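Coordinates from structure30.cif are shown below (mmCIF, C-alpha atoms).
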```cif
data_final
#
loop_
_atom_site.label_atom_id
_atom_site.label_comp_id
_atom_site.auth_asym_id
_atom_site.auth_seq_id
_atom_site.Cartn_x
_atom_site.Cartn_y
_atom_site.Cartn_z
CA MET A 1 49.98 -14.44 259.15
CA SER A 2 51.90 -13.27 262.23
CA SER A 3 51.65 -10.70 264.99
CA ILE A 4 54.38 -8.04 264.81
CA TYR A 5 55.28 -5.56 267.55
CA ILE A 6 56.92 -2.36 266.31
CA TYR A 7 59.17 -0.49 268.75
CA SER A 8 62.12 1.93 268.73
CA PRO A 9 65.12 0.94 270.89
CA SER A 10 67.71 3.12 269.11
CA GLY A 11 67.50 6.23 266.95
CA ALA A 12 64.50 8.49 266.64
CA VAL A 13 62.26 7.97 263.62
CA ARG A 14 62.82 10.94 261.30
CA ASN A 15 61.13 9.63 258.17
CA ARG A 16 57.47 9.45 259.15
CA ALA A 17 56.41 8.68 255.58
CA ALA A 18 58.59 5.56 255.49
CA PHE A 19 57.25 4.58 258.92
CA LYS A 20 53.67 4.74 257.63
CA ARG A 21 54.55 2.90 254.42
CA GLY A 22 56.20 0.14 256.44
CA LEU A 23 53.13 -0.36 258.62
CA GLN A 24 50.85 -0.37 255.59
CA ARG A 25 53.00 -2.87 253.75
CA LEU A 26 53.13 -5.30 256.68
CA ARG A 27 49.37 -5.11 257.07
CA GLN A 28 48.88 -5.63 253.35
CA GLN A 29 50.91 -8.83 253.70
CA GLY A 30 48.36 -10.00 256.23
CA HIS A 31 50.29 -9.41 259.44
CA GLU A 32 48.69 -8.13 262.62
CA VAL A 33 50.72 -5.07 263.63
CA GLU A 34 50.88 -3.37 267.03
CA VAL A 35 52.85 -0.14 267.44
CA ASP A 36 54.56 0.62 270.73
CA GLU A 37 53.39 3.78 272.45
CA GLY A 38 56.90 5.24 272.28
CA ALA A 39 57.73 4.25 268.71
CA LEU A 40 57.75 7.86 267.50
CA SER A 41 59.24 9.43 270.63
CA SER A 42 62.25 11.68 270.26
CA TYR A 43 64.95 12.82 272.67
CA GLN A 44 68.07 14.31 271.12
CA ARG A 45 69.04 11.72 268.48
CA PHE A 46 67.29 8.89 270.31
CA ALA A 47 63.78 7.43 270.27
CA GLY A 48 63.23 8.62 273.84
CA THR A 49 65.44 8.81 276.90
CA ASP A 50 67.47 5.78 277.94
CA ALA A 51 64.81 4.88 280.50
CA GLU A 52 62.00 5.25 277.95
CA ARG A 53 63.75 3.01 275.44
CA ILE A 54 64.37 0.37 278.11
CA GLN A 55 60.65 0.47 278.87
CA ALA A 56 59.90 0.02 275.17
CA ILE A 57 62.00 -3.16 275.13
CA ASP A 58 60.14 -4.37 278.24
CA ARG A 59 56.83 -3.78 276.46
CA ALA A 60 58.10 -5.70 273.43
CA CYS A 61 58.91 -8.59 275.78
CA ALA A 62 55.40 -8.49 277.24
CA SER A 63 53.68 -8.21 273.86
CA GLN A 64 53.77 -11.97 273.14
CA ALA A 65 54.10 -11.07 269.47
CA ASP A 66 55.61 -13.48 266.97
CA VAL A 67 58.11 -10.80 265.90
CA ALA A 68 59.45 -7.76 267.76
CA LEU A 69 60.64 -5.52 264.91
CA ILE A 70 62.68 -2.33 265.31
CA THR A 71 61.69 0.83 263.47
CA ARG A 72 65.31 1.68 262.62
CA GLY A 73 68.91 1.32 263.72
CA GLY A 74 71.18 4.28 264.28
CA TYR A 75 72.71 4.56 267.72
CA GLY A 76 71.63 4.19 271.33
CA LEU A 77 71.49 0.55 272.38
CA THR A 78 75.07 0.31 273.67
CA ARG A 79 74.16 3.01 276.22
CA ILE A 80 71.48 0.89 277.86
CA LEU A 81 72.89 -2.66 277.74
CA PRO A 82 73.77 -2.78 281.48
CA ALA A 83 70.20 -1.87 282.43
CA LEU A 84 68.32 -4.41 280.28
CA ASN A 85 66.35 -7.21 281.94
CA TYR A 86 67.94 -10.20 280.22
CA LYS A 87 65.85 -12.78 282.08
CA ARG A 88 62.70 -11.08 280.80
CA ILE A 89 64.08 -10.99 277.26
CA ALA A 90 65.06 -14.67 277.40
CA LYS A 91 61.60 -15.64 278.65
CA ALA A 92 60.00 -13.73 275.78
CA ILE A 93 62.23 -15.57 273.32
CA ASP A 94 61.37 -18.90 274.94
CA ARG A 95 57.68 -18.06 274.49
CA GLY A 96 58.28 -17.59 270.76
CA THR A 97 58.98 -13.89 270.17
CA ARG A 98 61.65 -13.34 267.52
CA PHE A 99 63.59 -10.14 268.19
CA MET A 100 64.67 -8.89 264.76
CA GLY A 101 66.74 -6.01 263.44
CA LEU A 102 70.06 -4.82 262.04
CA SER A 103 72.59 -2.01 262.36
CA ASP A 104 72.62 -0.75 265.98
CA PHE A 105 70.48 -3.75 266.95
CA THR A 106 73.71 -5.78 266.80
CA ALA A 107 74.46 -4.48 270.31
CA PHE A 108 71.21 -5.98 271.64
CA GLN A 109 71.79 -9.26 269.82
CA SER A 110 75.35 -9.63 271.10
CA ALA A 111 74.36 -8.79 274.65
CA VAL A 112 71.48 -11.27 274.66
CA LEU A 113 73.77 -13.99 273.33
CA THR A 114 76.45 -13.36 275.96
CA GLN A 115 74.06 -12.94 278.88
CA THR A 116 71.51 -15.68 278.11
CA GLY A 117 72.62 -17.77 275.13
CA ALA A 118 69.24 -17.08 273.50
CA SER A 119 68.87 -16.58 269.76
CA THR A 120 67.80 -13.38 268.01
CA TRP A 121 67.31 -12.70 264.31
CA ALA A 122 69.29 -10.53 261.91
CA GLY A 123 66.74 -9.03 259.58
CA PRO A 124 65.02 -5.94 258.23
CA ALA A 125 63.85 -2.82 260.02
CA LEU A 126 60.48 -1.17 259.50
CA GLY A 127 61.55 2.14 257.97
CA GLU A 128 64.46 1.55 255.65
CA ASP A 129 63.26 -1.87 254.49
CA PHE A 130 59.48 -2.28 254.65
CA GLY A 131 59.04 1.48 254.36
CA ALA A 132 61.16 1.85 251.24
CA GLU A 133 59.29 3.21 248.23
CA GLU A 134 60.30 0.06 246.35
CA PRO A 135 61.10 -2.66 248.91
CA ASP A 136 63.29 -5.56 247.92
CA ASP A 137 61.16 -8.51 246.78
CA ILE A 138 63.62 -11.08 248.15
CA MET A 139 63.59 -9.38 251.55
CA LEU A 140 59.80 -9.52 251.67
CA ALA A 141 59.75 -13.20 250.67
CA CYS A 142 62.50 -14.18 253.10
CA PHE A 143 60.77 -12.34 255.95
CA ASP A 144 57.56 -14.26 255.31
CA ASP A 145 59.54 -17.51 255.22
CA VAL A 146 61.11 -16.77 258.59
CA VAL A 147 57.88 -15.79 260.36
CA GLN A 148 56.23 -18.93 259.00
CA GLY A 149 59.07 -21.05 260.37
CA GLN A 150 60.16 -22.22 256.94
CA GLY A 151 63.48 -20.46 256.42
CA GLU A 152 63.84 -21.95 252.94
CA GLY A 153 64.53 -18.63 251.24
CA VAL A 154 67.20 -17.54 253.72
CA GLY A 155 69.39 -20.59 253.19
CA TRP A 156 72.00 -21.30 250.55
CA ARG A 157 72.82 -24.18 248.25
CA LEU A 158 76.01 -26.20 248.72
CA SER A 159 78.07 -27.27 245.73
CA SER A 160 77.91 -30.96 244.81
CA THR A 161 81.54 -31.35 245.94
CA THR A 162 80.75 -29.91 249.35
CA GLN A 163 77.61 -32.02 249.65
CA ASN A 164 79.62 -35.18 248.94
CA ALA A 165 82.28 -34.13 251.44
CA TYR A 166 79.63 -33.49 254.07
CA ALA A 167 78.01 -36.87 253.45
CA GLN A 168 81.39 -38.56 254.07
CA ARG A 169 82.45 -36.29 256.93
CA LYS A 170 84.29 -37.52 259.96
CA PRO A 171 83.07 -36.64 263.48
CA GLY A 172 83.78 -33.02 264.38
CA THR A 173 82.38 -29.53 264.15
CA TRP A 174 80.86 -28.40 260.88
CA ALA A 175 79.39 -25.05 259.99
CA ARG A 176 75.84 -26.31 260.41
CA ASP A 177 76.64 -27.19 264.03
CA GLY A 178 78.15 -23.79 264.92
CA VAL A 179 76.73 -20.60 266.39
CA LEU A 180 75.94 -17.98 263.75
CA TRP A 181 76.80 -14.60 265.20
CA GLY A 182 77.84 -11.11 264.14
CA GLY A 183 76.08 -8.13 262.61
CA ASN A 184 77.22 -4.57 262.14
CA LEU A 185 81.02 -4.40 262.11
CA ALA A 186 81.31 -0.97 263.78
CA VAL A 187 78.95 -1.96 266.58
CA LEU A 188 80.77 -5.24 267.19
CA VAL A 189 84.07 -3.39 267.45
CA SER A 190 82.55 -0.98 269.97
CA LEU A 191 81.70 -3.95 272.21
CA LEU A 192 85.25 -5.30 272.39
CA GLY A 193 86.46 -5.52 275.97
CA THR A 194 82.93 -5.35 277.40
CA PRO A 195 80.77 -8.13 278.92
CA TYR A 196 78.58 -7.94 275.81
CA PHE A 197 81.05 -9.10 273.17
CA PRO A 198 80.34 -12.78 272.37
CA ASP A 199 83.01 -15.37 273.14
CA VAL A 200 82.07 -17.96 270.53
CA ASP A 201 84.11 -21.11 270.02
CA ARG A 202 84.06 -22.39 266.44
CA GLY A 203 81.15 -20.19 265.43
CA VAL A 204 80.37 -18.61 262.09
CA LEU A 205 80.86 -14.84 262.02
CA PHE A 206 78.82 -12.74 259.59
CA LEU A 207 79.15 -9.02 258.91
CA GLU A 208 76.35 -6.96 257.41
CA ASP A 209 78.53 -4.12 256.06
CA ILE A 210 78.83 -3.80 252.27
CA ALA A 211 81.12 -1.44 250.30
CA GLU A 212 82.54 0.16 253.45
CA HIS A 213 86.10 1.48 253.76
CA PRO A 214 88.52 -1.05 255.31
CA TYR A 215 88.92 0.98 258.52
#
```
How does the structure come out when it is put into structure tokens?
Amino acid sequence: MSSIYIYSPSGAVRNRAAFKRGLQRLRQQGHEVEVDEGALSSYQRFAGTDAERIQAIDRACASQADVALITRGGYGLTRILPALNYKRIAKAIDRGTRFMGLSDFTAFQSAVLTQTGASTWAGPALGEDFGAEEPDDIMLACFDDVVQGQGEGVGWRLSSTTQNAYAQRKPGTWARDGVLWGGNLAVLVSLLGTPYFPDVDRGVLFLEDIAEHPY
């Protein structure tokens, strides 16, 4: 299927059982999985020191994997954004590596967008998603669609009224022409006023948070 590089740029992996289940499940799906040497490192709440997690991202860039998948979110990426090698990350993306994650990974995604304009992928993490005792079937199917370049399962169907309106549209910007950006609401807010908060004109903002308090 695809080659997947597993690394930990944020919080330390605490649930080793879920970590192992996630690896097993990806391999059962036919993927070739490589685990970063620091994936299970721990320093305070983080998966290694700031320098060690930067090195893990560099190794993910050099892996030439189809997907660079985080072990978990948590916290830690905002601390290291100024020290990341964005040219190296952009080159890895140009070569075909899809950097994928959620939660704290929003900081990485936003920074890459602002610094390089390159695309990353909002998607599952190893532990809480692939490592769940009963993983979501739709998540598994959509992940396979994405890594195969199909994307059919991650789309949505337009109403017949909207389809007719689109067919008769006048020149201008439509949702399909815009930049899809966003992620974790709390992380996005923490980036306000920094060089890593995207300045997107006529984009489509998505937020991953569900059933959170309005604050």
TODO: Would you mind listing what lies within 12 Å of Ala141 of chain A as a PyMOL selection string, with all atoms listed in the file counted and same-chain residues fewer than 2 positions away left out?
DONE: chain A and resi 26+29+124+130+135-139+143-148+150-154
Open item on the list: I need the residue nearest Thr49 of chain A from this list: A:Arg16, A:Pro9, A:Gly117, A:Arg88. Use all atoms listed in the file for the distance.
Closed with: A:Pro9
Hits of the PyMOL selection byres ((chain A and resi 77-87) around 9) in this structure, as a PDB file with C-alpha atoms, keeping the file's coordinate frame:
```pdb
ATOM      1  CA  PRO A   9      65.120   0.940 270.890  1.00  0.00           C
ATOM      2  CA  SER A  10      67.710   3.120 269.110  1.00  0.00           C
ATOM      3  CA  GLY A  11      67.500   6.230 266.950  1.00  0.00           C
ATOM      4  CA  ASP A  50      67.470   5.780 277.940  1.00  0.00           C
ATOM      5  CA  ALA A  51      64.810   4.880 280.500  1.00  0.00           C
ATOM      6  CA  ARG A  53      63.750   3.010 275.440  1.00  0.00           C
ATOM      7  CA  ILE A  54      64.370   0.370 278.110  1.00  0.00           C
ATOM      8  CA  ILE A  57      62.000  -3.160 275.130  1.00  0.00           C
ATOM      9  CA  ASP A  58      60.140  -4.370 278.240  1.00  0.00           C
ATOM     10  CA  GLY A  74      71.180   4.280 264.280  1.00  0.00           C
ATOM     11  CA  TYR A  75      72.710   4.560 267.720  1.00  0.00           C
ATOM     12  CA  GLY A  76      71.630   4.190 271.330  1.00  0.00           C
ATOM     13  CA  ARG A  88      62.700 -11.080 280.800  1.00  0.00           C
ATOM     14  CA  ILE A  89      64.080 -10.990 277.260  1.00  0.00           C
ATOM     15  CA  ALA A  90      65.060 -14.670 277.400  1.00  0.00           C
ATOM     16  CA  LYS A  91      61.600 -15.640 278.650  1.00  0.00           C
ATOM     17  CA  ALA A  92      60.000 -13.730 275.780  1.00  0.00           C
ATOM     18  CA  ASP A 104      72.620  -0.750 265.980  1.00  0.00           C
ATOM     19  CA  PHE A 105      70.480  -3.750 266.950  1.00  0.00           C
ATOM     20  CA  THR A 106      73.710  -5.780 266.800  1.00  0.00           C
ATOM     21  CA  ALA A 107      74.460  -4.480 270.310  1.00  0.00           C
ATOM     22  CA  PHE A 108      71.210  -5.980 271.640  1.00  0.00           C
ATOM     23  CA  ALA A 111      74.360  -8.790 274.650  1.00  0.00           C
ATOM     24  CA  VAL A 112      71.480 -11.270 274.660  1.00  0.00           C
ATOM     25  CA  GLN A 115      74.060 -12.940 278.880  1.00  0.00           C
ATOM     26  CA  THR A 116      71.510 -15.680 278.110  1.00  0.00           C
ATOM     27  CA  VAL A 187      78.950  -1.960 266.580  1.00  0.00           C
ATOM     28  CA  SER A 190      82.550  -0.980 269.970  1.00  0.00           C
ATOM     29  CA  LEU A 191      81.700  -3.950 272.210  1.00  0.00           C
ATOM     30  CA  TYR A 196      78.580  -7.940 275.810  1.00  0.00           C
TER      31      TYR A 196
END
```
Open item on the list: Just to confirm, what's the straight-line distance from atom CA of Phe197 of chain A to atom CA of Leu113 of chain A in Å (one decimal)?
Closed with: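 Result for atom CA of Phe197 of chain A versus atom CA of Leu113 of chain A: 8.8 Å, one decimal.
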TODO: Give the answer as one residue: which of A:Ser63, A:Thr71, A:Gln28, A:Ser2 has the shortest atom-to-atom distance to Phe46 of chain A, using all atoms listed in the file?
DONE: A:Thr71
Open item on the list: Report as a list in words all protein, DNA and RNA residues lying within 8 Å of segment 97-101 of chain A, evaluated on all atoms listed in the file, omitting residues in the same chain fewer than 6 positions from it.
Closed with: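 After dropping sequence-adjacent residues, the list is Cys61, Gln64, Ala65, Asp66, Val67, Ala68, Leu69, Ile70, Arg72, Gly73, Thr120, Trp121, Ala122, Gly123, Pro124 and Ala125 of chain A.
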- [ ] Have a look at atom CA of Gly96 of chain A and atom CA of Met1 of chain A and let me know their distance in Å, one decimal.
- [x] 14.6 Å
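Selection by the PyMOL selection byres ((chain A and resi 6) around 8) on the present file picks out Ile4, Tyr5, Tyr7, Ser8, Val33, Glu34, Val35, Asp36, Ala39, Ala60, Ala68, Leu69, Ile70, Thr71 and Leu126 of chain A.
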